[in-house]
Amino acid sequence: MRLAHRAGARPRPGTPKNEPRPLIAGRRLGQIEEYFIEGLAPGDSFLFAGEVLRLVAVEGKDALVVRAQGEQNPSVPSYAGGKFPLSTFLAERVRELLHDPKKQKALPAQVRDWIKLQKRRSIVPKPDEMLIESFPRAQKHYLVCYPFEGRLAHQTLGMLLSRRLERAGMNPLGFLASEYAVAVWGLEPMGGLDFSALFDEDMLGDDLESWLAESTLMKATFAKCAIIAGMIERNRPGAERKTGRQVSFSTDLIYDVLKQYEPDHILMQAAFADAGEGYLDLRRLGALLARIKGRIVHRDLDHVSPFAAPVMLEVGRVPIEGAAEEAILEDAARLIDEAMR
Amino acid sequence: MALLSRPAPSAPRTARPARAAPPVAIAGDGVAVKLGDALVTALPEGALWIGSAKTLIVSDLHLEKGSSFALRGQMLPPYDTFAALKKLEALMARLEPDIVVSLGDSFHDGGGVARMRGEDRALLKAMIGRCDWIWVEGNHDGRAPEILGGVVRDTLHIGALVLRHEPKAGAAPGEIAGHLHPCAKVSGRGRSVRRRCFATDGARLVMPAFGAFTGGLNVCDEAFAPLFPEGVLALVLGKARVLPAPWERLLSD
């Protein structure tokens with residue numbers, strides 16, 4: 001799942017010596033975004049892990065480098081936004097940084113302005129608070145919260161939140177988790193909800209397994225397992241579509257049938273094992289829920305806030321197949337009803 | 001709730017003249033459609049009910065599709081037959097039809113009948129024994145199903161209605177057919193929902209596929225255009241109800 005999102009994050013070994021001998025495999029220095037390396041020519045230098053390195057060659061998934069001393073103007077690698085994993089320590093320092101203007105002097109002017117704008121449009125929460133914003137946008141209603149606990153914990157939180165919102169009749173349509181925020185959107189305005197109840201620690205006992213089993217994330221994981229196992233073929237683009245006899249089959253159908261009649265099928269076990277590693281971080285989520293108890297601040301806005309704007313642009317939206325889908329069908333049906341009067 | 005504005009379509013579709021919707025009415029959790037003078041009811045399970053003749057119609061069961069693929073080395077969980085039969089059995093218990101029509105492609109291939117598991121075969125035979133059962137022949141299954149009971153026919157007439165597996169080219173008022181596995185992609189609120197549907201224009205109707213592993217063809221696809229020259233109404237299978245979907249909200253795949 002992560003590789004599909006972060007296309008390009010692959011291991012890159014490097015050589016520690018100064019000799020330009022790229023064929024000698026050396027110590028692996030770390031990982032870097034593929035698109036960044038592709039923008040460099042052999043001989044260009046860049047900063048990495050506290051060192052200045054010069055690119056020698058790219059071989060397959062490996063970028064071979066040597067240490068370069070005294071280079072002027074090395075490039076600075078950037079990471080596709082929101083994918084730089086946050087440790088709890090780093091997260092805390094970021095929260096402090098956001099709240100205290102005195103600590104922001106080293107930031108670029110645009111970032112300082114962005115934070116100032118957030119203060120004006122909404123608020124910048126204190127380091128121990130968690131901010132929740134609600135606003136309408138594009139015929140949907142959004143709820144965005146900023147826990148700063150990392151994508152995995154946020155993915156778990158997103159799943160649990162959407163379950164609770166579904167139960168509360170809020171018709172959630174989807175959610176998205178980034179490294180510092182979780183956004184949920186649906187058909188109903190969510191500003192009036194009781195947030196301390198919504199984020200209560202009892203959420204962790206909330207039947208997470210059965211909700212996960214119904215979710216589209218689970219079906220996507222199962223699809224990958226089915227492809228690896230050779231049960232189905234990956235769809236080839238441009239394959240001719242048959243109009244008469246429909247011979248293709250979708251893994252969603254297979255998943256539903258297996259869930260009902262053979263839930264301990266080995267591919268189901270594999271899919272759940274993958275999901276357990278890839279989507280859930282209950283420990284960190286538990287720590288978050290304890291930390292923010294009684295410290296939630298909420299702002300109901302009439303449009304998107306500066307802090308929420310980057311989250312809107314993230315990839316990786318998880319659709320929710322719940323009552324909201326039926327509501328969309330019913331809404332369309334109403335058009336016919338009115339047309340016929 | 002106010003009408004939402006029309007979203008931009010995600011893919012180009014053939015331009016068709018706008019047309020008044022064919023006469024449909026909500027009937028419980030189904031939708032009643034007038035085909036000519038006859039009244040039929042589309043049910044959320046994907047079956048059609050003709051109340052006046054106490055006839056239940058299902059189409060494209062594709063039983064033993066899983067085992068058919070298994071013969072070719074493509075392993076699929078072999079529960080599709082059981083799932084389809086249980087769904088049909090529940091419908092029969094609820095409606096108590098005098099006649100059940102399986103509208104073609106009942107078995108995925110000619111060897112399907114022989115490959116059935118014992119329990120599934122017994123279940124199907126019991127269902128066939130409860131009423132008049134008609135297999136309307138499709139291009140897959142030939143006469144094989146007769147071993148289980150019931151009668152095989154090319155076409156079936158019920159009053160002014162004509163039931164056949166594959167829709168006839170050209171106009172065919174009163175026709176109920178299958179074969180095409182219609183699906184509709186309905187847009188709304190910046191999101192689309194793709195479901196199986198009945199496709200009708202008030203003159204003829206194409207049924208959704210009933211079987212468990214069957215795929216679907218979008219009603220916006222060119223295969224449907226010659227059948228519904230003046231536009232098509234999609235009756236979409238929601239979780240608990242059938243919902244009509246207006247042409248303006250339909251997207252191609």
# chains A, B, ... in the order shown; residues from 1 in each chain; ligands from 1

call {"tool": "interface_residues", "arguments": {"of": "chain B", "to": "chain A", "cutoff": "9 Å", "atoms": "only C-alpha atoms", "output": "VMD selection string"}}
result
chain B and resid 1 3 to 4 20 to 21 23 25 74 to 77 79 to 80 83 179 to 181 186 to 193 212 to 217 221 to 223 236 238 to 240 243 to 246 249

call {"tool": "write_last_selection", "arguments": {"atoms": "N, CA and C atoms", "output": "short mmCIF file (atom, residue, chain, number, x, y, z; two decimals), in the first residue's frame"}}
result
data_model
loop_
_atom_site.label_atom_id
_atom_site.label_comp_id
_atom_site.auth_asym_id
_atom_site.auth_seq_id
_atom_site.Cartn_x
_atom_site.Cartn_y
_atom_site.Cartn_z
N MET B 1 -34.86 18.82 0.75
CA MET B 1 -33.44 19.04 0.44
C MET B 1 -33.35 19.62 -0.95
N LEU B 3 -32.25 20.68 -4.69
CA LEU B 3 -31.59 19.97 -5.80
C LEU B 3 -30.14 20.39 -5.88
N LEU B 4 -29.25 19.44 -6.05
CA LEU B 4 -27.84 19.78 -6.21
C LEU B 4 -27.57 20.17 -7.66
N ALA B 20 -38.68 12.51 -21.80
CA ALA B 20 -39.42 12.32 -20.56
C ALA B 20 -39.18 10.91 -20.06
N ALA B 21 -39.06 10.77 -18.76
CA ALA B 21 -38.76 9.45 -18.19
C ALA B 21 -39.93 8.51 -18.43
N PRO B 23 -42.74 5.67 -17.60
CA PRO B 23 -43.58 5.63 -16.40
C PRO B 23 -43.06 4.62 -15.38
N ALA B 25 -42.89 3.92 -10.92
CA ALA B 25 -43.43 4.33 -9.62
C ALA B 25 -42.77 3.49 -8.55
N GLN B 74 -7.71 -21.14 -13.39
CA GLN B 74 -7.92 -19.88 -12.68
C GLN B 74 -8.78 -20.17 -11.46
N MET B 75 -8.15 -20.19 -10.28
CA MET B 75 -8.88 -20.63 -9.10
C MET B 75 -9.67 -19.50 -8.48
N LEU B 76 -10.95 -19.72 -8.29
CA LEU B 76 -11.81 -18.75 -7.61
C LEU B 76 -12.55 -19.48 -6.49
N PRO B 77 -12.93 -18.80 -5.44
CA PRO B 77 -13.65 -19.48 -4.36
C PRO B 77 -14.96 -20.06 -4.87
N TYR B 79 -17.99 -20.65 -4.22
CA TYR B 79 -19.24 -20.45 -3.49
C TYR B 79 -20.26 -19.66 -4.30
N ASP B 80 -19.93 -19.35 -5.54
CA ASP B 80 -20.82 -18.47 -6.30
C ASP B 80 -22.17 -19.14 -6.54
N ALA B 83 -24.19 -19.08 -3.29
CA ALA B 83 -24.65 -17.73 -2.96
C ALA B 83 -25.85 -17.34 -3.83
N HIS B 179 -28.46 -10.85 -20.73
CA HIS B 179 -27.24 -10.99 -21.52
C HIS B 179 -26.24 -9.86 -21.35
N LEU B 180 -26.73 -8.62 -21.17
CA LEU B 180 -25.80 -7.49 -21.20
C LEU B 180 -25.29 -7.06 -19.82
N HIS B 181 -25.85 -7.58 -18.75
CA HIS B 181 -25.39 -7.28 -17.38
C HIS B 181 -25.28 -5.77 -17.14
N VAL B 186 -23.63 6.36 -11.06
CA VAL B 186 -24.43 7.54 -10.73
C VAL B 186 -23.55 8.55 -10.01
N SER B 187 -23.59 9.80 -10.46
CA SER B 187 -22.73 10.81 -9.84
C SER B 187 -23.55 11.68 -8.91
N GLY B 188 -22.85 12.23 -7.92
CA GLY B 188 -23.52 13.15 -7.00
C GLY B 188 -22.55 13.57 -5.93
N ARG B 189 -22.59 14.84 -5.53
CA ARG B 189 -21.76 15.31 -4.43
C ARG B 189 -20.28 15.00 -4.63
N GLY B 190 -19.82 15.13 -5.86
CA GLY B 190 -18.40 14.94 -6.10
C GLY B 190 -17.94 13.50 -5.97
N ARG B 191 -18.83 12.57 -6.11
CA ARG B 191 -18.47 11.16 -5.93
C ARG B 191 -19.38 10.37 -6.85
N SER B 192 -18.96 9.18 -7.27
CA SER B 192 -19.88 8.38 -8.08
C SER B 192 -20.05 7.01 -7.45
N VAL B 193 -21.19 6.39 -7.71
CA VAL B 193 -21.53 5.09 -7.15
C VAL B 193 -21.88 4.17 -8.31
N ALA B 212 -23.33 -14.37 -8.74
CA ALA B 212 -22.43 -13.78 -7.75
C ALA B 212 -21.14 -13.23 -8.35
N PHE B 213 -20.59 -13.86 -9.34
CA PHE B 213 -19.30 -13.44 -9.87
C PHE B 213 -19.43 -12.71 -11.20
N THR B 214 -20.59 -12.19 -11.49
CA THR B 214 -20.78 -11.59 -12.80
C THR B 214 -20.32 -10.14 -12.79
N GLY B 215 -19.65 -9.73 -13.87
CA GLY B 215 -19.26 -8.34 -13.99
C GLY B 215 -20.42 -7.55 -14.56
N GLY B 216 -20.19 -6.31 -14.95
CA GLY B 216 -21.27 -5.50 -15.47
C GLY B 216 -20.79 -4.56 -16.56
N LEU B 217 -21.70 -4.20 -17.45
CA LEU B 217 -21.41 -3.28 -18.55
C LEU B 217 -22.19 -2.00 -18.32
N ASP B 221 -22.52 2.47 -22.37
CA ASP B 221 -21.72 1.82 -23.40
C ASP B 221 -22.51 1.71 -24.70
N GLU B 222 -21.76 1.69 -25.83
CA GLU B 222 -22.43 1.68 -27.14
C GLU B 222 -23.30 0.45 -27.34
N ALA B 223 -23.03 -0.63 -26.59
CA ALA B 223 -23.84 -1.83 -26.81
C ALA B 223 -25.31 -1.58 -26.52
N VAL B 236 -31.47 1.47 -10.40
CA VAL B 236 -30.22 1.05 -9.76
C VAL B 236 -30.53 0.23 -8.51
N GLY B 238 -29.96 -0.39 -5.04
CA GLY B 238 -29.36 0.08 -3.80
C GLY B 238 -29.28 -1.08 -2.83
N LYS B 239 -28.80 -0.80 -1.62
CA LYS B 239 -28.63 -1.90 -0.67
C LYS B 239 -29.98 -2.50 -0.31
N ALA B 240 -31.00 -1.66 -0.14
CA ALA B 240 -32.28 -2.19 0.31
C ALA B 240 -33.41 -1.84 -0.64
N LEU B 243 -33.65 2.20 -7.00
CA LEU B 243 -33.73 3.65 -7.14
C LEU B 243 -33.54 4.03 -8.60
N PRO B 244 -34.47 4.80 -9.17
CA PRO B 244 -34.27 5.24 -10.55
C PRO B 244 -33.18 6.30 -10.61
N ALA B 245 -32.39 6.27 -11.65
CA ALA B 245 -31.29 7.23 -11.81
C ALA B 245 -31.50 8.01 -13.09
N PRO B 246 -31.51 9.33 -13.02
CA PRO B 246 -31.77 10.14 -14.23
C PRO B 246 -30.56 10.13 -15.15
N ARG B 249 -27.35 12.18 -14.61
CA ARG B 249 -26.40 11.84 -13.56
C ARG B 249 -25.57 10.60 -13.89
#

call {"tool": "select_by_dssp", "arguments": {"residues": "region 87-182 of chain A", "states": "helix (DSSP H, G or I)", "output": "PyMOL selection string"}}
result
chain A and resi 88-99+101-104+109-121+151-167

call {"tool": "residues_around", "arguments": {"residues": "Pro74 (chain A)", "least_positions_apart": "3", "cutoff": "10 Å", "atoms": "only C-alpha atoms", "output": "short mmCIF file (atom, residue, chain, number, x, y, z; two decimals) with N, CA, C and O atoms, in the first residue's frame"}}
result
data_model
loop_
_atom_site.label_atom_id
_atom_site.label_comp_id
_atom_site.auth_asym_id
_atom_site.auth_seq_id
_atom_site.Cartn_x
_atom_site.Cartn_y
_atom_site.Cartn_z
N ASP A 44 26.44 16.25 -9.98
CA ASP A 44 25.73 17.19 -9.11
C ASP A 44 25.84 16.73 -7.66
O ASP A 44 25.93 15.54 -7.38
N SER A 45 25.81 17.69 -6.76
CA SER A 45 25.94 17.34 -5.35
C SER A 45 24.67 17.68 -4.61
O SER A 45 23.89 18.54 -5.03
N PHE A 46 24.47 17.00 -3.50
CA PHE A 46 23.29 17.26 -2.68
C PHE A 46 23.58 16.90 -1.23
O PHE A 46 24.54 16.20 -0.92
N LEU A 47 22.72 17.41 -0.38
CA LEU A 47 22.85 17.15 1.05
C LEU A 47 22.07 15.90 1.42
O LEU A 47 20.96 15.70 0.96
N PHE A 48 22.63 15.10 2.28
CA PHE A 48 21.90 13.92 2.72
C PHE A 48 22.48 13.43 4.03
O PHE A 48 23.69 13.24 4.14
N VAL A 52 27.60 16.00 2.46
CA VAL A 52 27.45 16.45 1.09
C VAL A 52 27.91 15.31 0.19
O VAL A 52 29.03 14.82 0.33
N LEU A 53 27.04 14.90 -0.69
CA LEU A 53 27.34 13.76 -1.56
C LEU A 53 27.30 14.19 -3.01
O LEU A 53 26.60 15.14 -3.36
N ARG A 54 28.08 13.48 -3.83
CA ARG A 54 28.02 13.75 -5.27
C ARG A 54 27.49 12.51 -5.96
O ARG A 54 27.94 11.39 -5.69
N ALA A 68 31.56 14.30 -1.18
CA ALA A 68 32.20 15.44 -1.85
C ALA A 68 32.43 16.52 -0.83
O ALA A 68 31.49 17.01 -0.20
N GLY A 70 33.51 20.33 0.39
CA GLY A 70 33.67 21.69 -0.10
C GLY A 70 32.88 22.01 -1.35
O GLY A 70 33.28 22.84 -2.15
N GLU A 71 31.78 21.34 -1.55
CA GLU A 71 30.95 21.67 -2.72
C GLU A 71 30.18 22.94 -2.43
O GLU A 71 29.63 23.12 -1.35
N PRO A 77 17.43 17.86 -0.92
CA PRO A 77 16.34 16.97 -1.33
C PRO A 77 15.04 17.39 -0.68
O PRO A 77 15.03 17.84 0.46
#

call {"tool": "atom_distance", "arguments": {"atom1": "CA of Leu103 (chain B)", "atom2": "CA of Leu163 (chain B)"}}
result
7.4 Å

call {"tool": "residues_around", "arguments": {"residues": "Gly191 (chain A)", "least_positions_apart": "4", "cutoff": "10 Å", "atoms": "only C-alpha atoms", "output": "PyMOL selection string"}}
result
chain A and resi 132-136+141-143+195+298-301

call {"tool": "residues_around", "arguments": {"residues": "Met218 (chain A)", "least_positions_apart": "3", "cutoff": "12 Å", "atoms": "only C-alpha atoms", "output": "VMD selection string"}}
result
chain A and resid 1 159 209 to 215 221 to 225 251 to 252 255 to 256 259 267 to 276 278 to 280 318 to 321

call {"tool": "residues_around", "arguments": {"residues": "Ile134 (chain B)", "least_positions_apart": "3", "cutoff": "12 Å", "atoms": "only C-alpha atoms", "output": "mmCIF file with C-alpha atoms, in the first residue's frame"}}
result
data_model
loop_
_atom_site.group_PDB
_atom_site.id
_atom_site.type_symbol
_atom_site.label_atom_id
_atom_site.label_comp_id
_atom_site.auth_asym_id
_atom_site.auth_seq_id
_atom_site.Cartn_x
_atom_site.Cartn_y
_atom_site.Cartn_z
ATOM 1 C CA THR B 55 -43.959 -14.913 -12.200
ATOM 2 C CA LEU B 56 -40.458 -14.307 -10.910
ATOM 3 C CA ILE B 57 -37.740 -13.640 -13.472
ATOM 4 C CA VAL B 58 -33.995 -13.824 -12.854
ATOM 5 C CA SER B 59 -31.304 -13.501 -15.473
ATOM 6 C CA ASP B 98 -46.228 -19.889 -9.537
ATOM 7 C CA ILE B 99 -43.633 -19.577 -12.282
ATOM 8 C CA VAL B 100 -39.896 -18.940 -12.135
ATOM 9 C CA VAL B 101 -38.050 -17.989 -15.312
ATOM 10 C CA SER B 102 -34.279 -18.151 -15.559
ATOM 11 C CA LEU B 103 -33.585 -15.827 -18.443
ATOM 12 C CA GLY B 104 -30.525 -17.414 -19.995
ATOM 13 C CA SER B 106 -28.144 -19.890 -16.172
ATOM 14 C CA ILE B 128 -37.513 -26.296 -9.208
ATOM 15 C CA GLY B 129 -39.957 -28.735 -7.634
ATOM 16 C CA CYS B 131 -43.295 -24.273 -9.063
ATOM 17 C CA GLU B 137 -32.049 -20.708 -23.429
ATOM 18 C CA ARG B 143 -30.452 -27.855 -23.104
ATOM 19 C CA PRO B 145 -30.423 -27.716 -17.375
ATOM 20 C CA GLU B 146 -33.442 -29.850 -18.233
ATOM 21 C CA LEU B 148 -32.554 -30.862 -13.137
ATOM 22 C CA GLY B 149 -36.165 -30.270 -13.981
ATOM 23 C CA GLY B 150 -38.168 -27.547 -15.647
ATOM 24 C CA VAL B 151 -38.463 -26.843 -19.356
ATOM 25 C CA VAL B 152 -36.104 -25.171 -21.838
ATOM 26 C CA ARG B 153 -37.493 -22.580 -24.243
ATOM 27 C CA ASP B 154 -36.054 -20.087 -26.731
ATOM 28 C CA THR B 155 -38.548 -17.424 -25.905
ATOM 29 C CA LEU B 156 -41.482 -17.159 -23.544
ATOM 30 C CA HIS B 157 -44.606 -15.089 -23.973
ATOM 31 C CA LEU B 163 -38.928 -12.986 -22.651
ATOM 32 C CA ARG B 164 -35.702 -13.923 -24.400
#

call {"tool": "atom_distance", "arguments": {"atom1": "CA of Pro226 (chain B)", "atom2": "CA of Leu205 (chain B)"}}
result
13.1 Å

call {"tool": "select_by_dssp", "arguments": {"residues": "region 67-134 of chain B", "states": "strand (DSSP E or B)", "output": "PyMOL selection string"}}
result
chain B and resi 99-102+107+132-134
